[in-house]
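J.: My structure file model.tsv, TSV, C-alpha atoms and all ligand atoms, is below:
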chain	number	residue	atom	x	y	z
A	267	MET	CA	3.08	4.06	26.48
A	268	ASP	CA	2.33	0.76	28.16
A	269	PHE	CA	0.24	-1.70	26.23
A	270	LYS	CA	-2.27	-3.81	28.12
A	271	THR	CA	-2.29	-7.35	26.73
A	272	LEU	CA	-5.49	-9.37	26.79
A	273	PRO	CA	-4.81	-12.70	25.05
A	274	HIS	CA	-7.71	-14.15	23.08
A	275	PRO	CA	-9.84	-16.31	25.43
A	276	SER	CA	-10.58	-18.83	22.67
A	277	PRO	CA	-7.93	-18.51	19.95
A	278	THR	CA	-8.37	-20.28	16.63
A	279	PRO	CA	-7.46	-23.97	17.13
A	280	ALA	CA	-3.97	-24.69	15.73
A	281	ALA	CA	-5.16	-27.27	13.19
A	282	GLN	CA	-7.78	-24.90	11.79
A	283	ARG	CA	-5.31	-22.01	11.71
A	284	ASP	CA	-2.61	-24.05	9.97
A	285	ALA	CA	-5.07	-25.30	7.36
A	286	ALA	CA	-6.10	-21.71	6.61
A	287	LEU	CA	-2.45	-20.60	6.46
A	288	ALA	CA	-1.72	-23.15	3.73
A	289	ASP	CA	-3.88	-21.15	1.31
A	290	PRO	CA	-4.51	-17.72	2.81
A	291	GLY	CA	-5.47	-15.79	-0.35
A	292	PHE	CA	-5.44	-12.02	0.09
A	293	GLY	CA	-7.46	-9.94	2.53
A	294	THR	CA	-9.98	-12.50	3.76
A	295	LEU	CA	-8.15	-14.29	6.56
A	296	PHE	CA	-7.38	-12.47	9.82
A	297	SER	CA	-5.26	-13.25	12.85
A	298	ASP	CA	-6.68	-13.59	16.37
A	299	HIS	CA	-5.67	-10.22	17.80
A	300	MET	CA	-5.72	-6.49	17.16
A	301	VAL	CA	-4.22	-3.39	18.72
A	302	THR	CA	-6.46	-0.46	19.62
A	303	ILE	CA	-5.43	2.95	20.95
A	304	ASP	CA	-7.82	5.80	21.72
A	305	TYR	CA	-7.41	9.52	21.24
A	306	VAL	CA	-9.33	12.33	22.85
A	307	GLU	CA	-8.47	15.96	22.25
A	308	GLY	CA	-6.75	17.43	25.29
A	309	LYS	CA	-5.83	13.99	26.63
A	310	GLY	CA	-3.96	12.57	23.64
A	311	TRP	CA	-3.37	8.88	22.91
A	312	HIS	CA	-4.23	6.48	25.72
A	313	ASN	CA	-5.67	3.07	26.48
A	314	ALA	CA	-3.35	0.97	24.26
A	315	VAL	CA	-4.64	-2.59	24.21
A	316	VAL	CA	-3.46	-5.73	22.44
A	317	GLY	CA	-6.61	-7.79	22.62
A	318	PRO	CA	-8.84	-10.27	20.80
A	319	ARG	CA	-9.83	-9.23	17.30
A	320	GLN	CA	-13.49	-8.32	17.61
A	321	ASN	CA	-16.22	-6.00	16.34
A	322	ILE	CA	-15.93	-2.36	17.25
A	323	SER	CA	-18.86	-0.46	18.61
A	324	LEU	CA	-19.48	2.98	17.10
A	325	ASP	CA	-22.07	5.65	17.68
A	326	PRO	CA	-24.15	6.02	14.48
A	327	ALA	CA	-23.13	9.69	14.42
A	328	ALA	CA	-19.40	8.86	14.43
A	329	SER	CA	-17.84	11.36	12.01
A	330	VAL	CA	-16.05	8.74	9.95
A	331	LEU	CA	-19.42	7.33	8.82
A	332	HIS	CA	-20.51	10.72	7.51
A	333	TYR	CA	-17.46	12.73	6.51
A	334	ALA	CA	-14.89	9.97	5.94
A	335	GLN	CA	-12.12	11.14	8.24
A	336	GLU	CA	-10.06	7.98	7.83
A	337	ILE	CA	-6.51	7.04	6.88
A	338	PHE	CA	-4.64	3.75	6.64
A	339	GLU	CA	-1.33	2.08	5.92
A	340	GLY	CA	-0.39	-1.21	4.30
A	341	MET	CA	2.77	-3.05	5.26
A	342	LYS	CA	4.04	-6.60	5.58
A	343	ALA	CA	5.94	-8.65	8.14
A	344	TYR	CA	8.11	-11.40	6.68
A	345	LYS	CA	9.38	-14.59	8.29
A	346	HIS	CA	13.12	-14.99	7.70
A	347	ALA	CA	14.99	-18.28	7.43
A	348	ASP	CA	16.38	-17.85	10.97
A	349	GLY	CA	12.81	-17.79	12.29
A	350	SER	CA	12.77	-14.08	13.06
A	351	ALA	CA	10.08	-11.71	11.82
A	352	ALA	CA	11.05	-8.57	9.93
A	353	LEU	CA	9.36	-5.39	8.76
A	354	PHE	CA	10.37	-3.44	5.64
A	355	ARG	CA	10.98	0.30	6.23
A	356	PRO	CA	8.21	0.61	8.86
A	357	GLU	CA	9.37	4.10	9.84
A	358	GLU	CA	8.41	5.19	6.31
A	359	ASN	CA	4.87	3.91	6.88
A	360	ALA	CA	4.74	5.76	10.20
A	361	ARG	CA	5.92	8.98	8.58
A	362	ARG	CA	3.49	8.69	5.67
A	363	PHE	CA	0.65	7.90	8.08
A	364	ASN	CA	1.22	11.25	9.76
A	365	ALA	CA	1.46	13.03	6.41
A	366	SER	CA	-1.95	11.53	5.59
A	367	ALA	CA	-3.19	12.60	9.04
A	368	ASP	CA	-2.12	16.20	8.33
A	369	ARG	CA	-4.13	16.30	5.10
A	370	MET	CA	-7.23	14.84	6.75
A	371	ALA	CA	-7.04	17.14	9.80
A	372	MET	CA	-6.31	14.23	12.15
A	373	PRO	CA	-3.84	13.96	15.04
A	374	HIS	CA	-0.41	12.39	14.57
A	375	VAL	CA	0.35	8.97	15.96
A	376	PRO	CA	3.93	9.28	17.26
A	377	GLU	CA	6.19	7.22	14.98
A	378	ASP	CA	7.53	5.04	17.79
A	379	LEU	CA	3.99	4.33	19.03
A	380	PHE	CA	2.93	3.36	15.49
A	381	ILE	CA	5.85	0.94	15.16
A	382	GLU	CA	5.40	-0.43	18.68
A	383	ALA	CA	1.73	-1.18	17.96
A	384	VAL	CA	2.70	-3.12	14.85
A	385	ARG	CA	5.47	-4.91	16.72
A	386	GLN	CA	3.11	-5.97	19.52
A	387	LEU	CA	0.59	-7.40	17.08
A	388	VAL	CA	3.22	-9.37	15.13
A	389	ALA	CA	4.59	-10.70	18.43
A	390	ILE	CA	1.25	-11.97	19.77
A	391	ASP	CA	0.20	-13.36	16.38
A	392	LYS	CA	3.60	-14.84	15.51
A	393	ASP	CA	1.95	-18.17	14.60
A	394	TRP	CA	-0.07	-16.51	11.84
A	395	PHE	CA	2.63	-16.37	9.16
A	396	PRO	CA	1.47	-18.24	6.04
A	397	SER	CA	3.30	-21.45	5.31
A	398	VAL	CA	3.09	-20.86	1.54
A	399	GLU	CA	5.99	-19.67	-0.59
A	400	GLY	CA	5.81	-15.90	-1.00
A	401	GLY	CA	3.52	-15.54	2.00
A	402	SER	CA	3.64	-12.71	4.54
A	403	LEU	CA	1.65	-11.21	7.36
A	404	TYR	CA	-0.06	-8.16	5.87
A	405	LEU	CA	-0.54	-5.43	8.47
A	406	ARG	CA	-3.21	-2.80	8.28
A	407	PRO	CA	-2.83	0.15	10.68
A	408	PHE	CA	-5.67	2.66	10.36
A	409	MET	CA	-7.24	5.60	12.16
A	410	PHE	CA	-10.74	7.03	12.02
A	411	ALA	CA	-12.86	9.75	13.63
A	412	SER	CA	-15.04	8.13	16.30
A	413	GLU	CA	-16.60	11.23	17.83
A	414	ALA	CA	-20.41	11.40	17.69
A	415	PHE	CA	-20.93	14.77	16.04
A	416	LEU	CA	-22.69	15.80	12.83
A	417	GLY	CA	-21.23	19.26	12.49
A	418	VAL	CA	-18.52	19.64	9.91
A	419	ARG	CA	-15.15	20.12	11.61
A	420	PRO	CA	-12.26	17.85	12.55
A	421	ALA	CA	-13.39	15.33	15.17
A	422	LYS	CA	-12.07	15.44	18.71
A	423	GLU	CA	-11.97	11.66	19.19
A	424	TYR	CA	-10.22	8.98	17.15
A	425	LYS	CA	-9.32	5.32	17.21
A	426	PHE	CA	-6.06	3.87	15.93
A	427	ILE	CA	-6.26	0.16	15.20
A	428	VAL	CA	-3.89	-2.41	13.73
A	429	ILE	CA	-5.14	-5.71	12.32
A	430	ALA	CA	-3.19	-8.48	10.58
A	431	SER	CA	-4.13	-10.58	7.59
A	432	PRO	CA	-1.99	-13.52	6.51
A	433	ALA	CA	-1.45	-13.16	2.77
A	434	GLY	CA	-0.34	-15.54	0.07
A	435	ASN	CA	1.20	-14.55	-3.19
A	436	TYR	CA	-0.94	-11.77	-4.60
A	437	PHE	CA	-0.92	-13.66	-7.88
A	438	LYS	CA	-1.58	-17.37	-7.64
A	439	SER	CA	0.92	-18.59	-10.22
A	440	GLY	CA	4.10	-16.61	-10.77
A	441	VAL	CA	3.88	-13.00	-11.81
A	442	PRO	CA	1.64	-12.64	-14.84
A	443	ALA	CA	1.71	-9.40	-16.78
A	444	VAL	CA	-1.45	-7.40	-16.17
A	445	LYS	CA	-3.67	-5.65	-18.68
A	446	ILE	CA	-4.62	-2.16	-17.71
A	447	TRP	CA	-7.42	0.16	-18.72
A	448	VAL	CA	-6.91	3.89	-19.18
A	449	ALA	CA	-9.70	5.71	-17.32
A	450	GLN	CA	-11.55	8.00	-19.74
A	451	ASP	CA	-14.31	9.64	-17.75
A	452	TYR	CA	-12.88	9.53	-14.25
A	453	VAL	CA	-9.88	10.93	-12.43
A	454	ARG	CA	-8.43	9.78	-9.12
A	455	ALA	CA	-7.02	13.01	-7.73
A	456	ALA	CA	-6.82	16.68	-8.61
A	457	PRO	CA	-4.18	19.27	-7.65
A	458	GLY	CA	-4.97	20.41	-4.13
A	459	GLY	CA	-7.00	17.28	-3.43
A	460	THR	CA	-6.21	14.20	-1.36
A	461	GLY	CA	-4.31	12.10	-3.90
A	462	ALA	CA	-1.13	11.97	-1.82
A	463	ALA	CA	-2.94	10.86	1.34
A	464	LYS	CA	-3.66	7.20	1.98
A	465	THR	CA	-7.32	7.72	2.74
A	466	GLY	CA	-10.31	5.48	2.10
A	467	GLY	CA	-12.16	8.04	-0.01
A	468	ASN	CA	-9.57	7.82	-2.78
A	469	TYR	CA	-10.31	4.13	-3.01
A	470	ALA	CA	-14.09	4.64	-2.93
A	471	ALA	CA	-13.72	7.01	-5.89
A	472	SER	CA	-11.65	4.46	-7.80
A	473	LEU	CA	-14.21	1.63	-7.61
A	474	VAL	CA	-16.38	2.69	-10.57
A	475	PRO	CA	-13.43	3.16	-12.95
A	476	GLN	CA	-11.93	-0.09	-11.62
A	477	ALA	CA	-15.22	-1.87	-12.41
A	478	GLU	CA	-15.10	-0.30	-15.87
A	479	ALA	CA	-11.61	-1.77	-16.31
A	480	ILE	CA	-12.85	-5.24	-15.34
A	481	ALA	CA	-15.84	-4.90	-17.70
A	482	GLN	CA	-13.33	-4.13	-20.47
A	483	GLY	CA	-11.42	-7.32	-19.76
A	484	CYS	CA	-8.61	-5.55	-17.90
A	485	ASP	CA	-7.13	-6.17	-14.44
A	486	GLN	CA	-6.50	-2.62	-13.25
A	487	VAL	CA	-7.27	0.97	-14.12
A	488	VAL	CA	-4.62	3.64	-14.77
A	489	PHE	CA	-5.51	7.25	-14.03
A	490	LEU	CA	-4.51	10.32	-16.01
A	491	ASP	CA	-4.03	13.76	-14.48
A	492	ALA	CA	-7.20	15.71	-13.77
A	493	VAL	CA	-6.19	18.94	-15.53
A	494	GLU	CA	-4.91	18.00	-18.99
A	495	ARG	CA	-6.11	14.37	-19.00
A	496	LYS	CA	-2.82	13.53	-20.58
A	497	TRP	CA	-0.17	12.67	-17.99
A	498	ILE	CA	-0.01	9.21	-16.50
A	499	GLU	CA	-0.44	9.19	-12.74
A	500	GLU	CA	-0.83	5.75	-11.18
A	501	LEU	CA	-3.06	2.71	-10.84
A	502	GLY	CA	-5.75	2.60	-8.15
A	503	GLY	CA	-3.17	1.40	-5.62
A	504	MET	CA	0.19	1.06	-7.39
A	505	ASN	CA	2.85	3.39	-8.80
A	506	LEU	CA	4.30	3.01	-12.30
A	507	PHE	CA	7.78	2.81	-13.85
A	508	PHE	CA	8.63	2.94	-17.56
A	509	VAL	CA	11.87	1.25	-18.67
A	510	MET	CA	13.42	2.68	-21.84
A	511	GLU	CA	15.73	1.09	-24.35
A	512	ASP	CA	18.50	3.64	-23.60
A	513	GLY	CA	18.85	2.52	-19.97
A	514	SER	CA	16.70	5.23	-18.49
A	515	VAL	CA	13.60	4.73	-16.38
A	516	ILE	CA	10.78	7.23	-15.96
A	517	THR	CA	8.35	7.41	-13.05
A	518	PRO	CA	5.72	10.13	-12.54
A	519	PRO	CA	6.86	12.84	-10.10
A	520	LEU	CA	5.34	13.37	-6.64
A	521	THR	CA	3.37	16.51	-7.32
A	522	GLY	CA	0.63	15.89	-4.77
A	523	THR	CA	-1.79	13.88	-6.90
A	524	ILE	CA	-0.12	10.48	-6.56
A	525	LEU	CA	0.62	8.40	-3.51
A	526	PRO	CA	4.30	8.45	-2.51
A	527	GLY	CA	4.83	4.68	-2.51
A	528	ILE	CA	7.52	3.18	-0.32
A	529	THR	CA	8.00	0.50	-2.95
A	530	ARG	CA	8.34	3.31	-5.51
A	531	ASN	CA	11.01	5.02	-3.43
A	532	SER	CA	12.87	1.74	-2.89
A	533	LEU	CA	12.78	0.88	-6.59
A	534	ILE	CA	14.19	4.28	-7.55
A	535	GLN	CA	17.21	3.51	-5.36
A	536	LEU	CA	17.61	-0.10	-6.51
A	537	LEU	CA	17.31	0.82	-10.20
A	538	ARG	CA	19.96	3.51	-9.78
A	539	GLU	CA	22.26	1.00	-8.13
A	540	GLU	CA	21.79	-1.19	-11.20
A	541	GLY	CA	23.26	1.65	-13.24
A	542	LEU	CA	19.98	2.87	-14.69
A	543	THR	CA	19.11	6.56	-14.85
A	544	VAL	CA	15.81	7.15	-13.08
A	545	ARG	CA	13.98	10.34	-13.92
A	546	GLU	CA	10.95	11.51	-11.96
A	547	GLU	CA	9.16	13.35	-14.71
A	548	PRO	CA	5.75	13.48	-16.37
A	549	TYR	CA	5.08	10.90	-19.08
A	550	SER	CA	2.03	11.18	-21.30
A	551	ILE	CA	-0.37	8.52	-22.49
A	552	ASP	CA	0.42	9.42	-26.14
A	553	GLN	CA	4.15	9.06	-25.51
A	554	TRP	CA	3.55	5.75	-23.79
A	555	ARG	CA	1.69	4.40	-26.81
A	556	ASP	CA	4.24	5.80	-29.31
A	557	ASP	CA	7.22	4.47	-27.34
A	558	ALA	CA	5.65	1.04	-26.94
A	559	LYS	CA	4.96	0.89	-30.68
A	560	SER	CA	8.42	2.13	-31.72
A	561	GLY	CA	10.21	-0.16	-29.30
A	562	LYS	CA	11.76	2.73	-27.39
A	563	LEU	CA	9.85	1.54	-24.32
A	564	LEU	CA	10.92	-1.94	-23.23
A	565	GLU	CA	8.97	-2.51	-20.04
A	566	THR	CA	6.38	-1.04	-17.70
A	567	MET	CA	6.02	-2.13	-14.10
A	568	ALA	CA	3.52	-1.35	-11.38
A	569	CYS	CA	4.60	-1.49	-7.75
A	570	GLY	CA	3.15	-1.47	-4.25
A	571	THR	CA	3.38	-3.42	-1.00
A	572	ALA	CA	0.56	-5.86	-1.78
A	573	ALA	CA	1.67	-7.11	-5.21
A	574	VAL	CA	5.33	-5.92	-4.92
A	575	VAL	CA	6.36	-5.48	-8.58
A	576	THR	CA	3.99	-6.42	-11.38
A	577	PRO	CA	4.70	-6.23	-15.11
A	578	VAL	CA	2.20	-4.37	-17.28
A	579	GLY	CA	1.76	-6.30	-20.54
A	580	THR	CA	-1.06	-4.56	-22.36
A	581	VAL	CA	-2.76	-1.19	-22.19
A	582	ALA	CA	-6.29	-0.61	-23.49
A	583	GLY	CA	-8.35	2.56	-23.69
A	584	GLY	CA	-10.17	4.97	-25.93
A	585	ASP	CA	-7.52	4.90	-28.67
A	586	GLY	CA	-7.20	1.15	-28.90
A	587	GLU	CA	-4.83	-1.33	-27.42
A	588	PHE	CA	-1.06	-1.58	-27.33
A	589	THR	CA	1.38	-4.17	-26.05
A	590	ILE	CA	4.57	-3.46	-24.12
A	591	GLY	CA	7.64	-5.44	-25.19
A	592	SER	CA	6.68	-9.07	-25.62
A	593	GLY	CA	3.60	-8.57	-23.44
A	594	GLY	CA	5.17	-10.60	-20.63
A	595	PRO	CA	7.50	-9.78	-17.71
A	596	GLY	CA	10.60	-7.89	-18.89
A	597	GLN	CA	14.19	-8.43	-17.73
A	598	ILE	CA	14.56	-5.34	-15.56
A	599	THR	CA	11.16	-5.90	-13.97
A	600	SER	CA	12.03	-9.48	-13.06
A	601	LYS	CA	15.50	-8.60	-11.82
A	602	ILE	CA	14.43	-5.70	-9.64
A	603	ARG	CA	11.50	-7.64	-8.25
A	604	GLU	CA	13.79	-10.48	-7.21
A	605	LYS	CA	16.19	-8.07	-5.57
A	606	LEU	CA	13.48	-6.28	-3.59
A	607	VAL	CA	11.74	-9.49	-2.55
A	608	GLY	CA	15.14	-10.91	-1.53
A	609	ILE	CA	15.87	-7.93	0.72
A	610	GLN	CA	12.42	-8.14	2.29
A	611	ARG	CA	12.73	-11.88	2.91
A	612	GLY	CA	16.30	-11.74	4.15
A	613	THR	CA	17.92	-13.69	1.30
A	614	VAL	CA	19.64	-10.65	-0.22
A	615	ASP	CA	21.96	-8.42	1.83
A	616	ASP	CA	20.17	-5.41	3.30
A	617	THR	CA	22.78	-2.76	2.49
A	618	HIS	CA	20.30	0.10	2.98
A	619	GLY	CA	19.17	-0.59	6.53
A	620	TRP	CA	15.64	-1.13	5.25
A	621	VAL	CA	14.87	-4.28	7.24
A	622	MET	CA	13.78	-4.01	10.87
A	623	LYS	CA	14.09	-7.32	12.70
A	624	LEU	CA	11.46	-7.74	15.38
A	701	LIG	C1	-0.46	2.38	-0.87
A	701	LIG	C2	-0.54	2.90	-2.26
A	701	LIG	C3	0.51	2.74	-3.19
A	701	LIG	C4	1.74	1.93	-2.91
A	701	LIG	O1	2.46	2.35	-1.82
A	701	LIG	P1	3.51	1.36	-1.12
A	701	LIG	O2	4.06	2.14	-0.01
A	701	LIG	O3	4.53	1.04	-2.16
A	701	LIG	O4	2.74	0.16	-0.71
A	701	LIG	C5	0.37	3.33	-4.43
A	701	LIG	N1	-0.74	4.02	-4.76
A	701	LIG	C6	-1.77	4.18	-3.91
A	701	LIG	C7	-2.96	4.94	-4.33
A	701	LIG	C8	-1.70	3.62	-2.64
A	701	LIG	O5	-2.74	3.77	-1.80
Please express the file's structure as structure tokens.
T.:
Amino acid sequence: MDFKTLPHPSPTPAAQRDAALADPGFGTLFSDHMVTIDYVEGKGWHNAVVGPRQNISLDPAASVLHYAQEIFEGMKAYKHADGSAALFRPEENARRFNASADRMAMPHVPEDLFIEAVRQLVAIDKDWFPSVEGGSLYLRPFMFASEAFLGVRPAKEYKFIVIASPAGNYFKSGVPAVKIWVAQDYVRAAPGGTGAAKTGGNYAASLVPQAEAIAQGCDQVVFLDAVERKWIEELGGMNLFFVMEDGSVITPPLTGTILPGITRNSLIQLLREEGLTVREEPYSIDQWRDDAKSGKLLETMACGTAAVVTPVGTVAGGDGEFTIGSGGPGQITSKIREKLVGIQRGTVDDTHGWVMKL
């Protein structure tokens, strides 16, 4: 598909842009452009435009506003030392986007169209990479039902949009260990539900338990399974790994209630290459507490595109608090984080073919 390019008529002045890029924060600064592609049933995807980032006009009856037919992805473009921009496993994002689309009764975006849209946006906004150490251009592809119709059925019209947000280090100084709160009264996903789809509603449902975590002095909430309220699933937006003293690592299996993270998948491979035995198997909250107390559990890490790899230091919940290891970043967590970040930023050899140079 041909993209029509409409450069921004009044782009952000360079001095203003560069000042913002020196301290971009996370999720508040946006580049000048966006990609939009329309879908109409029977006609398919059409009208691909790389244009100025601007408000979108929606009919008040647009299905997304009523029945939440919406999915998204989160990925980053990195600036390498040779000046090139690179994506990390973008075809995995494209594939997962369509898996989410299937669950939400939405049309597929062909994988090459998805990647081309991202590529076009990074190209036109190439001056929007943060100048700060650890910075990247966070990319947010998303799709929603735009048809004006209040009946309940899959919409016949959709919009696919990609926006870009320059991002600094998720954590301002180094990688502090986070304190997490075990959700007591809320679950994130049930068997047969939408837990494996990257859809806005999962996040909406996580806001109250996340606020509860903050009120309890924690950074993040961890969800247990909806049936037995016993098995650890994931954080609101990050997958978990448990590093044992015997050289094994456990991560919850993909049984449909957790999001299949691309960072998770990458870490499984990298940990195995380090000689560790990774097992995808259920791990209970009681076992977690017991293993942390006995010293059998050395480290716990949370992972996702935004914060990469984050050590979990303390866990609080109904049955009191426990600390993991020394309460700070563990050795394996630090080592594997460095390796992954190095591959993404082009300072460590990409032996897996994970990096796509743009
Ligand atoms: C996006 C997401 C993750 C992390 O996935 P990555 O592909 O590693 O960024 C984990 N959990 C949830 C709920 C998510 O939405």
J.: Which protein, DNA or RNA residues have an atom within 9 Å of ligand LIG 701 (chain A), counting all atoms listed in the file, as an MDAnalysis selection string?
T.: chainID A and resid 338:341 358:359 362 454 461:466 468:469 500:506 524:532 568:574
J.: Neighbouring residues of Val474 (chain A) were defined as those with any atom within 12 Å, considering all atoms listed in the file; residues of the same chain fewer than 6 positions away were excluded. Please report them as number ranges by chain.
T.: A: 449-454, 468, 480-481, 486-487, 502
J.: Could you turn the residues from that selection into a file that holds C-alpha atoms, as a PDB file, in the coordinates of the input?
T.:
ATOM      1  CA  ALA A 449      -9.700   5.710 -17.320  1.00  0.00           C
ATOM      2  CA  GLN A 450     -11.550   8.000 -19.740  1.00  0.00           C
ATOM      3  CA  ASP A 451     -14.310   9.640 -17.750  1.00  0.00           C
ATOM      4  CA  TYR A 452     -12.880   9.530 -14.250  1.00  0.00           C
ATOM      5  CA  VAL A 453      -9.880  10.930 -12.430  1.00  0.00           C
ATOM      6  CA  ARG A 454      -8.430   9.780  -9.120  1.00  0.00           C
ATOM      7  CA  ASN A 468      -9.570   7.820  -2.780  1.00  0.00           C
ATOM      8  CA  ILE A 480     -12.850  -5.240 -15.340  1.00  0.00           C
ATOM      9  CA  ALA A 481     -15.840  -4.900 -17.700  1.00  0.00           C
ATOM     10  CA  GLN A 486      -6.500  -2.620 -13.250  1.00  0.00           C
ATOM     11  CA  VAL A 487      -7.270   0.970 -14.120  1.00  0.00           C
ATOM     12  CA  GLY A 502      -5.750   2.600  -8.150  1.00  0.00           C
TER      13      GLY A 502
END
J.: For Gly586 (chain A), work out the shell of residues within 12 Å, counting only C-alpha atoms and skipping chain neighbours fewer than 3 positions away, then give it as an mmCIF file with C-alpha atoms, keeping the file's coordinate frame.
T.:
data_model
loop_
_atom_site.group_PDB
_atom_site.id
_atom_site.type_symbol
_atom_site.label_atom_id
_atom_site.label_comp_id
_atom_site.auth_asym_id
_atom_site.auth_seq_id
_atom_site.Cartn_x
_atom_site.Cartn_y
_atom_site.Cartn_z
ATOM 1 C CA ILE A 446 -4.620 -2.160 -17.710
ATOM 2 C CA TRP A 447 -7.420 0.160 -18.720
ATOM 3 C CA VAL A 448 -6.910 3.890 -19.180
ATOM 4 C CA GLN A 482 -13.330 -4.130 -20.470
ATOM 5 C CA ILE A 551 -0.370 8.520 -22.490
ATOM 6 C CA ASP A 552 0.420 9.420 -26.140
ATOM 7 C CA ARG A 555 1.690 4.400 -26.810
ATOM 8 C CA THR A 580 -1.060 -4.560 -22.360
ATOM 9 C CA VAL A 581 -2.760 -1.190 -22.190
ATOM 10 C CA ALA A 582 -6.290 -0.610 -23.490
ATOM 11 C CA GLY A 583 -8.350 2.560 -23.690
ATOM 12 C CA THR A 589 1.380 -4.170 -26.050
#
J.: Which of these, A:Ser560, A:Ser412, A:Thr599, A:Ser397, has the shortest distance to Phe508 (chain A) once you count all atoms listed in the file?
T.: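 Looking at the shortest contact to Phe508 (chain A), the residue is A:Thr599.
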J.: For Gln320 (chain A), which residue out of A:Pro275, A:Pro356, A:Gly467, A:Gly608 is the nearest one, using all atoms listed in the file?
T.: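 Of A:Pro275, A:Pro356, A:Gly467, A:Gly608, the one nearest Gln320 (chain A), counting all atoms listed in the file, is A:Pro275.
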J.: Record the distance separating CA of Ala352 (chain A) and CA of Leu624 (chain A), expressed in Å with one decimal.
T.: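 So the answer is 5.5 Å.
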J.: If I take CA of Gln535 (chain A) and CA of Gly513 (chain A), how far is one from the other in Å, to one decimal?
T.: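 Between CA of Gln535 (chain A) and CA of Gly513 (chain A) the gap works out to 14.7 Å.
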J.: Smallest atom-to-atom distance to Lys605 (chain A): which of A:Leu537, A:Gly579, A:Ser323, A:Ser297, using all atoms listed in the file?
T.: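 The closest residue to Lys605 (chain A) is A:Leu537.
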J.: At a cut-off of 9 Å, using all atoms listed in the file, what residues contact Val441 (chain A)? Leave out same-chain residues fewer than 6 positions from it and give the result as a PyMOL selection string.
T.: chain A and resi 575-577+595+600
J.: So, counting only C-alpha atoms, which residue among A:Thr523, A:Arg603, A:Glu357, A:Trp497 is closest to Trp554 (chain A)?
T.: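 Closest candidate: A:Trp497.
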J.: So which one's closest to Glu413 (chain A), A:Val315, A:Met267, A:Ile516, A:Leu324? Using all atoms listed in the file, please.
T.: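 Counting all atoms listed in the file, the residue closest to Glu413 (chain A) is A:Leu324.
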J.: For Ala347 (chain A), please output as a count of residues only all residues within 9 Å (counting only C-alpha atoms; exclusion window: fewer than 2 positions along the same chain).
T.: 6
J.: Would you work out the distance separating CA of Leu405 (chain A) from CA of Asp325 (chain A), expressed in Å to one decimal?
T.: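 Between CA of Leu405 (chain A) and CA of Asp325 (chain A) the gap works out to 25.9 Å.
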J.: Measuring atom to atom with all atoms listed in the file, identify which of A:Trp620, A:Phe507, A:Trp394, A:Tyr344 is nearest to Val578 (chain A).
T.: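 Residue with the minimum atom-to-atom distance to Val578 (chain A): A:Phe507.
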J.: Can you list, as a ChimeraX atom specification, every protein, DNA or RNA residue that comes within 10 Å of Ser276 (chain A) when you count all atoms listed in the file, leaving out same-chain residues fewer than 3 positions away?
T.: /A:273,279,298,318
J.: Can I get the selection written as a PDB file, keeping the file's coordinate frame, with C-alpha atoms?
T.:
ATOM      1  CA  PRO A 273      -4.810 -12.700  25.050  1.00  0.00           C
ATOM      2  CA  PRO A 279      -7.460 -23.970  17.130  1.00  0.00           C
ATOM      3  CA  ASP A 298      -6.680 -13.590  16.370  1.00  0.00           C
ATOM      4  CA  PRO A 318      -8.840 -10.270  20.800  1.00  0.00           C
TER       5      PRO A 318
END
